[in-house]
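**Q** Let me give you the structure first, and then I'll get to my questions.
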Amino acid sequence: MNKIKFWRGWDTSIKYPYLFLLTLGVMALLLGVYHYFTGDNLAFGWDKITDLQVVPVPVNEVTRLLEPFTLTADGYLLFEQYDVALPTINTVAAALLLGILAICLAFYAAAISTMRQLPYFAGVLLLMLFLATFNFDLLGGFGTGSSQTLLLIAIALLAISSYAFQAFWPQVGFSLRLLTMLVVVAVTGLLVYSAAQFPARLVTLHLVNYSSIGTLAATVLFMLWVAYENVNALLWINTQARTPERRFSMWQFILISLLYLLNLLLLYLRHIGYLQLELFYINAYFILLLSAVAGFWGMRQREAYYRNLFQFRPTGAVLYLVFATIAFLSIGYAFATANDPLTVFYHDMIVYTHLAFGVGFFLYIMINFGRLIAQRLPVYKVVYEPKSFSLFSFALMSLIACVILVMRTQYRSYFDVQAGYYNYLGDLYTASGNDILAERFYEESDVYDVNNVKANYSLAAQYRKEQERNNEILRLKDALDKRPNPKLYVRLANLYDGKQYFFEKLYVLQEGAEKFPESAEIYNNLALLYAQTSVQDSTEYYFDLAQRYSGDGDFVRSNRLAYYTRQAMLEPAKTVLKESHKGKSKTLRSNMAALRQLLGMDPQTDDNFMPDSLQAVEDFTLFYNETLSKLNKGDTTRLEGINAYLASPGNQLFYADLLYLKGLVHHYNGLPREARRVVENLALQSDRNNGYYYNALGQWMLEEQNYRAAAAYFKQAKDHGYTQAYLNHGYALALAHQPQAAVQALEEVGYTENAAAIAVAQDLAEVLQQDVKTITTEVPDKEKVQYLLARLPQLSEPDVNALVQAVTDKDLKRQALVARVHYLVGQRRWNYAYRAIKETGPQLQPEGELRSALNLLELKVWLNAKKYDVLLNRMEKLYLTDRDRRQALYFKARVAEARGREEEAAARYEQALKMLLYDEETVLAAANFFDSYKPEGQRAYNILLSGITYNPYAAELQKAYAMESLDQGLFSYAEQAQETLRDLLPPSEYSTFIEKLDQKRQEIAARAEDWQL
């Protein structure tokens, strides 16, 4: 333990600075390891291209005349394919490097100040050369042009400070020297940043990228320094045991050393192209790490050879850590910026130096100490005391061998250094916005290391910004020729966008998959490419591969879910939906919400996504799809978010969708007036979808059983070219008990050229034109019920009973029985209606729309029978749908009114009007109540005005409004209502009402004459 923690006996002025530097070196190492694995993604990371596709999802379905009417809205599916982002300049890595490098310079200056005179001057010379690589003159500041004032100031401050300690105050402790140098370095840094004419970010990049030559030289020196330490460590392992019996033999040392050297030789042969076998190799950077660790003790062990120049404590120990830290920083920064010429250079230099010096040191050991190893003596203690083959000879021979290895590769390392340096300068000028200079430096880099990825992808990115597609393709192809990687294949394939380039894109991706068989990104994009075709097997195959190799399972599941949903492959979609129930990805959750809506499933209760903004498309789709899935849940909390998004100028792209969504939330959560106003305004503003919006309004009116209003909206939708509205219009007229108009509208369905719709329309038109006798005796049960519902008010009671009796199908019989109850209630024959309810009830299911409709009719019977206690008691027990349950507000208001609780009745009516404005009976009752409760005000008039504004085709409301207008003295409005009623009422009924209206006018005129008298 003492050998490991050799600094324990040091005095505190040396030990704590050393431990701090050691910590800094470990931090630099960890940063290097981190960037080794992540630098490529930091420099040009994966991006995603989002494809937004529309799929109609059901919002609500209602059955009328035995046909389902489904209101659909645009649900959104998101397909995401991988792309590669534009290169980013890693300023964080540059700032960390510069900060640690500045501290290392202070340690270096403090350490050389403890040397003897000649080595001190050599150390200062190295420092001056290193400072010159920063190119301070290009930062501006002091002087003009190529002034070296900043460089001279930096050299003077550091050199004078260190020389003062070396020559005049040698007795000063290391801690004080270090503190002084830290202050000098800090002052120099402040001077440089304050004098520079550029932002701090650019100054940092300038200092780091220009000084990369200096840090690279320091890194190479460190590699030479430790190149043989692994062989030395193997010697220590073999000979360090206390007793000879526990030490290894010479052959064991030879074997393990040759295996290590063989790995280096194989790496070298593979590099120069002599070996193409896929074997297991020890990573060269890991070899350097082992050498660096072994070098700690090697440096201490060699103290006898450099003691005349400086001592290990603190100079040697500090210098070793300084060079090690700079080496880790330099290599890590090359990976952080994805500078592949430099990463290749560092890898090659590790192999060259360690192979040459490793072989040399192995021969040095065998020549000098082979016999001693055979005798199992502790050779590691005397390894630096040669007898025949000197250390100088070993170093010279190894250095010459290293140079030969470099020369053997046609000086490729030199060209890699030049290419990497120009890449750094290209990054600097890219960050400064000088694209012309950046392009020039990247091109220079490409000259020295032809087709290197860093330069060519950076140039391709510039062409991407300038939308020069062909030039970008050429640069990406060049980069693929040199050092292919999955990102280059994906980016190149994405440039072949469009059906005409399908096979080019397929070829690029398949070539990438062949070379990178574990790339989930390539497989995902292949799956999406095949998803555009009818080849489902290939789509499934590549999705499976992407799922197998992906680190982001949610991403692939999201695409699969969208694909299965679009293709209506419900079983596999359900399987993926089940697998994804814990997914966190917003895209996945958005697609899940769309699928659940399509399948009619309840939303996930824990999802309540409401982002602050909708800047990302997945934020919009997730919020939108989730909101659709939560309609009819009585939840209006999302209106606040919708209003906020609508008010944001950045959401103009989604404005119509958000506005329609607002209308849906209003309508299905009990705010019909607000809903209709929103969607009507949207229909007026829209140029493309106004027919769809009018059809949606008609659908709402169908749900509310306001069939004349529904027919009017469907007619507007037809006029705007919405083909689905043709059949809807005919059905709405039939439900409004206008068979002749319905037949005419149904005949127009032929214009749609939709065979299925035409067949349905023809069937209904034929039914509507038959007489009761024919319908009762000759047509199927479905057509009997349709005829009954369409002509219900116009039939006599015997005809109704005959039609009901003629229906034999069990389900259709239930429809007919409920229709008979409706007929009797409409005729106000309460006793007969009650008996019909009792007869019908046992034949219905316990729940469902029919049961709810019958229960609602029963409550109306109790209300008109004035059985208020029974009504209130039964209302809590009977099954009602969510929509029918809103009628409870009306019943409670009527009961409160009947019992004289006027304030409660007023409050109940106000609540009812908000949710039941579409209900004619509720509006009339509320107007009558307020007419007697507050006759002096205009509340009754305003209620009726709101009623006819919402539903101008409600004849009873128009009658009441005309009468109330006369009471309020608004004679012109009464005349308008009178004209409207001309089209709503049969001639006989209209004449009767006109008589009442004229009588009302005469009464008002008589009262006015009496008042004047």
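So you can find residues: chains in the structure tokens are A, B, ... in the order shown, residues in each start at 1, and ligands are numbered from 1 in order.
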Could you give me, as JSON, numbers by chain, the residues within 10 Å of Asn669 in chain A, counting only C-alpha atoms and dropping anything in the same chain fewer than 3 positions from it?
**A** {"A": [630, 631, 632, 633, 634, 635, 636, 663, 664, 665, 666, 672, 675, 882, 883, 915]}
**Q** With only C-alpha atoms as the atoms that count, which of A:Gly947, A:Pro386, A:Gly553, A:Gly45 lies nearest to Ile365 in chain A?
**A**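 Of A:Gly947, A:Pro386, A:Gly553, A:Gly45, the one nearest Ile365 in chain A, counting only C-alpha atoms, is A:Pro386.
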**Q** Which residues are close to range 448-454 of chain A, i.e. within 10 Å by only C-alpha atoms, leaving aside same-chain residues fewer than 4 positions away? Reply as an MDAnalysis selection string.
**A** chainID A and resid 40 43:44 87 337:341 412:420 422:424 426:427 442:444 458:460 475:485 488
**Q** Can I get the selected residues back with C-alpha atoms, as a compact mmCIF listing (two decimals), in the first residue's frame?
**A**
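File selection-v9.txt, as written:
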# COMPACT_ATOMS: atom_id res chain seq x y z
CA ASP A 40 -19.66 11.21 -32.40
CA ALA A 43 -20.63 16.41 -32.88
CA PHE A 44 -23.30 15.24 -35.31
CA PRO A 87 -22.69 19.40 -36.95
CA THR A 337 -15.31 16.96 -31.99
CA ALA A 338 -15.44 13.72 -34.03
CA ASN A 339 -12.16 14.76 -35.68
CA ASP A 340 -11.46 11.39 -37.24
CA PRO A 341 -8.04 12.24 -38.78
CA ARG A 412 0.32 9.17 -43.25
CA SER A 413 0.49 10.36 -39.67
CA TYR A 414 1.80 13.75 -40.76
CA PHE A 415 -1.07 14.18 -43.17
CA ASP A 416 -3.56 13.11 -40.49
CA VAL A 417 -2.19 15.81 -38.19
CA GLN A 418 -2.54 18.46 -40.86
CA ALA A 419 -6.07 17.32 -41.72
CA GLY A 420 -7.13 17.28 -38.08
CA TYR A 422 -7.53 22.20 -40.42
CA ASN A 423 -10.71 20.56 -39.17
CA TYR A 424 -10.28 22.39 -35.89
CA GLY A 426 -12.90 24.90 -39.84
CA ASP A 427 -14.90 24.40 -36.64
CA TYR A 442 -12.40 21.85 -44.47
CA GLU A 443 -11.33 21.51 -48.09
CA GLU A 444 -7.70 21.74 -47.01
CA SER A 458 -19.06 19.48 -42.37
CA LEU A 459 -18.95 20.49 -46.03
CA ALA A 460 -22.08 18.46 -46.69
CA ARG A 475 -19.57 14.78 -50.10
CA LEU A 476 -21.41 12.06 -48.21
CA LYS A 477 -20.36 9.46 -50.78
CA ASP A 478 -16.76 10.59 -50.40
CA ALA A 479 -16.96 10.21 -46.63
CA LEU A 480 -18.46 6.73 -47.01
CA ASP A 481 -15.54 5.68 -49.19
CA LYS A 482 -13.09 6.56 -46.42
CA ARG A 483 -14.65 5.60 -43.10
CA PRO A 484 -18.28 4.45 -43.42
CA ASN A 485 -20.61 4.71 -40.47
CA LEU A 488 -23.59 8.67 -43.27
**Q** Between CA of Tyr36 in chain A and CA of Phe328 in chain A, what is the distance in Å, rounded to a tenth?
**A**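 Taking CA of Tyr36 in chain A and CA of Phe328 in chain A, their separation equals 10.8 Å.
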**Q** One decimal, in Å: what's the spacing between CA of Ala912 in chain A and CA of Tyr890 in chain A?
**A** 5.7 Å
**Q** Of the residues A:Thr219, A:Asn232, A:Ser629, A:Thr587, which is the one nearest to Met349 in chain A, using only C-alpha atoms?
**A**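 Looking only at the distances to Met349 in chain A, the closest residue turns out to be A:Thr219.
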**Q** Report as a PDB file with N, CA and C atoms, in the first residue's frame all protein, DNA and RNA residues lying within 6 Å of range 286-296 of chain A, evaluated on only C-alpha atoms, omitting residues in the same chain fewer than 6 positions from it.
**A**
ATOM      1  N   VAL A 226       5.960   6.741 -22.195  1.00  0.00           N
ATOM      2  CA  VAL A 226       5.417   5.549 -21.526  1.00  0.00           C
ATOM      3  C   VAL A 226       5.338   4.353 -22.459  1.00  0.00           C
ATOM      4  N   GLU A 229       6.410   1.030 -20.989  1.00  0.00           N
ATOM      5  CA  GLU A 229       6.073   0.773 -19.598  1.00  0.00           C
ATOM      6  C   GLU A 229       5.239  -0.493 -19.420  1.00  0.00           C
ATOM      7  N   ASN A 230       4.486  -0.891 -20.408  1.00  0.00           N
ATOM      8  CA  ASN A 230       3.701  -2.127 -20.259  1.00  0.00           C
ATOM      9  C   ASN A 230       4.603  -3.355 -20.188  1.00  0.00           C
TER      10      ASN A 230
END
**Q** Per DSSP on the backbone, filter range 200-376 of chain A down to the residues in alpha helix (DSSP H) and report them as a PyMOL selection string.
**A** chain A and resi 200-210+212-226+229-239+250-272+284-301+303-306+317-336+340-374
**Q** Near range 497-504 of chain A, counting only C-alpha atoms, which residues have an atom at most 12 Å away, once you skip same-chain residues fewer than 5 positions from it, shown as a PDB file with N, CA and C atoms, in the first residue's frame?
**A**
ATOM      1  N   ILE A  49     -36.834  12.801 -38.410  1.00  0.00           N
ATOM      2  CA  ILE A  49     -37.751  13.442 -39.362  1.00  0.00           C
ATOM      3  C   ILE A  49     -39.148  12.922 -39.058  1.00  0.00           C
ATOM      4  N   ARG A 469     -28.362  19.982 -52.990  1.00  0.00           N
ATOM      5  CA  ARG A 469     -28.535  18.557 -52.719  1.00  0.00           C
ATOM      6  C   ARG A 469     -27.473  17.702 -53.400  1.00  0.00           C
ATOM      7  N   ILE A 473     -24.758  15.159 -51.610  1.00  0.00           N
ATOM      8  CA  ILE A 473     -24.675  13.725 -51.909  1.00  0.00           C
ATOM      9  C   ILE A 473     -23.233  13.330 -52.233  1.00  0.00           C
ATOM     10  N   TYR A 489     -24.784   6.687 -43.981  1.00  0.00           N
ATOM     11  CA  TYR A 489     -25.746   5.950 -44.815  1.00  0.00           C
ATOM     12  C   TYR A 489     -27.159   6.497 -44.640  1.00  0.00           C
ATOM     13  N   VAL A 490     -27.531   6.762 -43.403  1.00  0.00           N
ATOM     14  CA  VAL A 490     -28.886   7.254 -43.140  1.00  0.00           C
ATOM     15  C   VAL A 490     -29.091   8.622 -43.764  1.00  0.00           C
ATOM     16  N   ARG A 491     -28.091   9.515 -43.583  1.00  0.00           N
ATOM     17  CA  ARG A 491     -28.237  10.863 -44.140  1.00  0.00           C
ATOM     18  C   ARG A 491     -28.273  10.826 -45.667  1.00  0.00           C
ATOM     19  N   LEU A 492     -27.401  10.010 -46.262  1.00  0.00           N
ATOM     20  CA  LEU A 492     -27.382   9.914 -47.726  1.00  0.00           C
ATOM     21  C   LEU A 492     -28.704   9.357 -48.241  1.00  0.00           C
ATOM     22  N   LEU A 509     -29.605   2.159 -48.048  1.00  0.00           N
ATOM     23  CA  LEU A 509     -29.915   1.615 -46.729  1.00  0.00           C
ATOM     24  C   LEU A 509     -29.534   0.135 -46.632  1.00  0.00           C
ATOM     25  N   GLN A 510     -29.760  -0.621 -47.671  1.00  0.00           N
ATOM     26  CA  GLN A 510     -29.395  -2.039 -47.623  1.00  0.00           C
ATOM     27  C   GLN A 510     -27.879  -2.214 -47.580  1.00  0.00           C
ATOM     28  N   GLU A 511     -27.155  -1.362 -48.271  1.00  0.00           N
ATOM     29  CA  GLU A 511     -25.693  -1.418 -48.180  1.00  0.00           C
ATOM     30  C   GLU A 511     -25.237  -1.085 -46.763  1.00  0.00           C
ATOM     31  N   LEU A 526     -35.404   1.453 -43.041  1.00  0.00           N
ATOM     32  CA  LEU A 526     -35.778   0.467 -44.055  1.00  0.00           C
ATOM     33  C   LEU A 526     -37.222   0.023 -43.874  1.00  0.00           C
ATOM     34  N   LEU A 528     -39.670   1.730 -42.555  1.00  0.00           N
ATOM     35  CA  LEU A 528     -40.564   2.808 -42.980  1.00  0.00           C
ATOM     36  C   LEU A 528     -40.574   2.965 -44.497  1.00  0.00           C
ATOM     37  N   LEU A 529     -39.438   2.653 -45.130  1.00  0.00           N
ATOM     38  CA  LEU A 529     -39.406   2.709 -46.592  1.00  0.00           C
ATOM     39  C   LEU A 529     -40.305   1.632 -47.181  1.00  0.00           C
ATOM     40  N   TYR A 530     -40.210   0.423 -46.655  1.00  0.00           N
ATOM     41  CA  TYR A 530     -41.070  -0.656 -47.146  1.00  0.00           C
ATOM     42  C   TYR A 530     -42.531  -0.428 -46.752  1.00  0.00           C
ATOM     43  N   ALA A 531     -42.758   0.347 -45.686  1.00  0.00           N
ATOM     44  CA  ALA A 531     -44.128   0.639 -45.272  1.00  0.00           C
ATOM     45  C   ALA A 531     -44.874   1.462 -46.320  1.00  0.00           C
ATOM     46  N   GLN A 532     -44.111   2.095 -47.228  1.00  0.00           N
ATOM     47  CA  GLN A 532     -44.749   2.846 -48.304  1.00  0.00           C
ATOM     48  C   GLN A 532     -45.215   1.935 -49.433  1.00  0.00           C
ATOM     49  N   THR A 533     -44.864   0.665 -49.349  1.00  0.00           N
ATOM     50  CA  THR A 533     -45.246  -0.300 -50.387  1.00  0.00           C
ATOM     51  C   THR A 533     -46.256  -1.282 -49.800  1.00  0.00           C
TER      52      THR A 533
END
**Q** Quick one: residues within 12 Å of range 865-871 of chain A, only C-alpha atoms counted, chain neighbours fewer than 3 positions away excluded, as a PyMOL selection string?
**A** chain A and resi 825+828-831+833-834+855-862+874-878+888+890-899
**Q** Which residues come within 12 Å of Thr575 in chain A, counting only C-alpha atoms, excluding same-chain residues fewer than 6 positions away, as a PyMOL selection string?
**A** chain A and resi 557+560-561+564-565+569+581+592+595
**Q** From the set A:Asn209, A:Leu267, A:Met299, A:Leu179, which residue has the shortest atom-to-atom contact distance to Leu321 in chain A, counting only C-alpha atoms?
**A**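 The closest residue to Leu321 in chain A is A:Met299.
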**Q** For a quick check of understanding, using only C-alpha atoms, which of A:Asn135, A:Gln615, A:Gln311, A:Gln597 has the smallest distance to Val203 in chain A?
**A** A:Asn135
**Q** Find, counting only C-alpha atoms, the residue in A:Val183, A:Ile89, A:Ala644, A:Ala819 that gets nearest to Leu425 in chain A.
**A**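 So, comparing all the options, the nearest one is A:Ile89.
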**Q** Considering only C-alpha atoms, state which residue in the set A:Ala757, A:Leu202, A:Val92, A:Ala324 is at the smallest distance from Asn434 in chain A.
**A**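 Checking each of A:Ala757, A:Leu202, A:Val92, A:Ala324 against Asn434 in chain A, counting only C-alpha atoms, the winner is A:Leu202.
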**Q** Interatomic distance between CA of Lys505 in chain A and CA of Ser590 in chain A?
**A**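 Distance reported for this atom pair: 28.3 Å.
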